[in-house]
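Following: one structure in structure tokens, then a few remarks.
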Amino acid sequence: MSDLLQSMKRVSQRLVTSVADTGAKTMLKTDMVFLERDIKARKQAFGIEVYDILQSNASSGTTGAATISASDIQKAYEVCHADIQHLENKVNSKKREMDNIDQSSGVAGTAGVGGAAGAAGAAGVGTSVDLNSVGMDDEPEAPGIPSTP
């Protein structure tokens with residue numbers, strides 16, 4: 001009888017962990033979609049910025065203004081590139097978190113109750129991955145909402 005209860009307990013713990021991991025992965029996928037949308041919006045803003053620089057250059061019509069606009073375009077590109085790199089780093093961080101969840105799910109599924117994933121499921125936490133953790137080069141963000149400078 002004790003073996004039956006232990007078996008049922010292990011199965012229920014694996015189920016709880018699996019459901020929590022699936023929820024965490026769904027949240028990460030949603031964050032990634034928002035971040036990719038932010039990348040696209042930043043690229044579009046860059047295009048508008050470059051268009052405005054070139055339009056102001058066309059109205060002046062001098063070669064001195066052409067070198068100034070090339071410098072302005074280069075500066076705008078560098079700022080845009082840095083912004084996009086930062087967002088892509090966040091996307092990559094989310095992908096790594098998803099990989100960690102996948103790896104911990106595989107371990108929890110084969111190891112039963114043991115390990116951090118089993119303990120997290122038994123404690124009601126749901127997953128061994130801390131979703132509120134911040135990567136080394138990341139800052140807490142609300143995807144889709146621009147941060148204030």
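Letters A, B, ... mark the chains of the structure tokens in the order given; residue numbers begin at 1 per chain; ligand numbers begin at 1, in order shown.
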
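Residues in contact range of A:Gln74, defined as at most 12 Å between only C-alpha atoms, with sequence neighbours fewer than 5 positions away removed, read Phe46, Glu49, Val50, Ile53, Thr67, Ile68, Ser69, Val79, Cys80 and His81 of chain A.
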
Please provide the set of residues having any atom within 9 Å of A:Ile84, restricted to only C-alpha atoms, with same-chain residues fewer than 4 positions apart removed, written as a list in words.
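Contacts, with the query itself left out: Asp38, Ile39, Lys40, Arg42, Lys43, Val79, Cys80, Glu88 and Asn89 of chain A.
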
Within 7 Å of A:Ile101 using only C-alpha atoms, minus same-chain residues under 3 positions, as a list of chain:residue names:
A:Asp21, A:Glu97, A:Met98, A:Ser104, A:Ser105, A:Val129

Selection from above, all heavy atoms, as a PDB file, in the first residue's frame, can you write it?
ATOM      1  N   ASP A  21       6.481  24.039 -15.647  1.00  0.00           N
ATOM      2  CA  ASP A  21       7.505  24.275 -16.665  1.00  0.00           C
ATOM      3  C   ASP A  21       6.876  24.731 -17.979  1.00  0.00           C
ATOM      4  O   ASP A  21       7.398  25.623 -18.648  1.00  0.00           O
ATOM      5  CB  ASP A  21       8.342  23.018 -16.895  1.00  0.00           C
ATOM      6  CG  ASP A  21       9.290  22.731 -15.744  1.00  0.00           C
ATOM      7  OD1 ASP A  21       9.473  23.613 -14.873  1.00  0.00           O
ATOM      8  OD2 ASP A  21       9.854  21.614 -15.700  1.00  0.00           O
ATOM      9  N   GLU A  97      17.093  30.364 -20.850  1.00  0.00           N
ATOM     10  CA  GLU A  97      16.202  29.970 -19.761  1.00  0.00           C
ATOM     11  C   GLU A  97      15.283  28.834 -20.197  1.00  0.00           C
ATOM     12  O   GLU A  97      15.037  27.900 -19.430  1.00  0.00           O
ATOM     13  CB  GLU A  97      15.366  31.161 -19.287  1.00  0.00           C
ATOM     14  CG  GLU A  97      16.147  32.185 -18.484  1.00  0.00           C
ATOM     15  CD  GLU A  97      15.268  33.305 -17.978  1.00  0.00           C
ATOM     16  OE1 GLU A  97      14.204  33.013 -17.392  1.00  0.00           O
ATOM     17  OE2 GLU A  97      15.638  34.473 -18.174  1.00  0.00           O
ATOM     18  N   MET A  98      14.784  28.912 -21.433  1.00  0.00           N
ATOM     19  CA  MET A  98      13.934  27.835 -21.950  1.00  0.00           C
ATOM     20  C   MET A  98      14.718  26.539 -22.041  1.00  0.00           C
ATOM     21  O   MET A  98      14.199  25.468 -21.709  1.00  0.00           O
ATOM     22  CB  MET A  98      13.344  28.206 -23.310  1.00  0.00           C
ATOM     23  CG  MET A  98      12.219  29.201 -23.210  1.00  0.00           C
ATOM     24  SD  MET A  98      11.486  29.635 -24.785  1.00  0.00           S
ATOM     25  CE  MET A  98      10.990  28.059 -25.417  1.00  0.00           C
ATOM     26  N   SER A 104      15.998  20.705 -17.138  1.00  0.00           N
ATOM     27  CA  SER A 104      15.536  20.332 -15.798  1.00  0.00           C
ATOM     28  C   SER A 104      14.300  19.440 -15.885  1.00  0.00           C
ATOM     29  O   SER A 104      14.099  18.574 -15.042  1.00  0.00           O
ATOM     30  CB  SER A 104      15.246  21.567 -14.947  1.00  0.00           C
ATOM     31  OG  SER A 104      14.102  22.246 -15.414  1.00  0.00           O
ATOM     32  N   SER A 105      13.482  19.630 -16.902  1.00  0.00           N
ATOM     33  CA  SER A 105      12.309  18.773 -17.084  1.00  0.00           C
ATOM     34  C   SER A 105      12.738  17.355 -17.419  1.00  0.00           C
ATOM     35  O   SER A 105      12.150  16.405 -16.929  1.00  0.00           O
ATOM     36  CB  SER A 105      11.420  19.294 -18.211  1.00  0.00           C
ATOM     37  OG  SER A 105      10.862  20.532 -17.866  1.00  0.00           O
ATOM     38  N   VAL A 129      13.859  26.789 -12.193  1.00  0.00           N
ATOM     39  CA  VAL A 129      14.452  27.940 -12.847  1.00  0.00           C
ATOM     40  C   VAL A 129      13.834  29.192 -12.256  1.00  0.00           C
ATOM     41  O   VAL A 129      12.619  29.326 -12.208  1.00  0.00           O
ATOM     42  CB  VAL A 129      14.215  27.900 -14.376  1.00  0.00           C
ATOM     43  CG1 VAL A 129      14.786  29.133 -15.028  1.00  0.00           C
ATOM     44  CG2 VAL A 129      14.819  26.648 -14.955  1.00  0.00           C
TER      45      VAL A 129
END

Which residue, A:Lys75, A:Lys9, A:Lys29, A:Arg14, has the smallest gap to A:Lys90 when you use only C-alpha atoms?
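Counting only C-alpha atoms, the residue closest to A:Lys90 is A:Lys29.
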
What lies within 10 Å of A:Lys25 using only C-alpha atoms, ignoring chain neighbours under 5 positions off, as number ranges by chain?
A: 19-20, 30-31, 94-95, 97-99, 101-102, 131
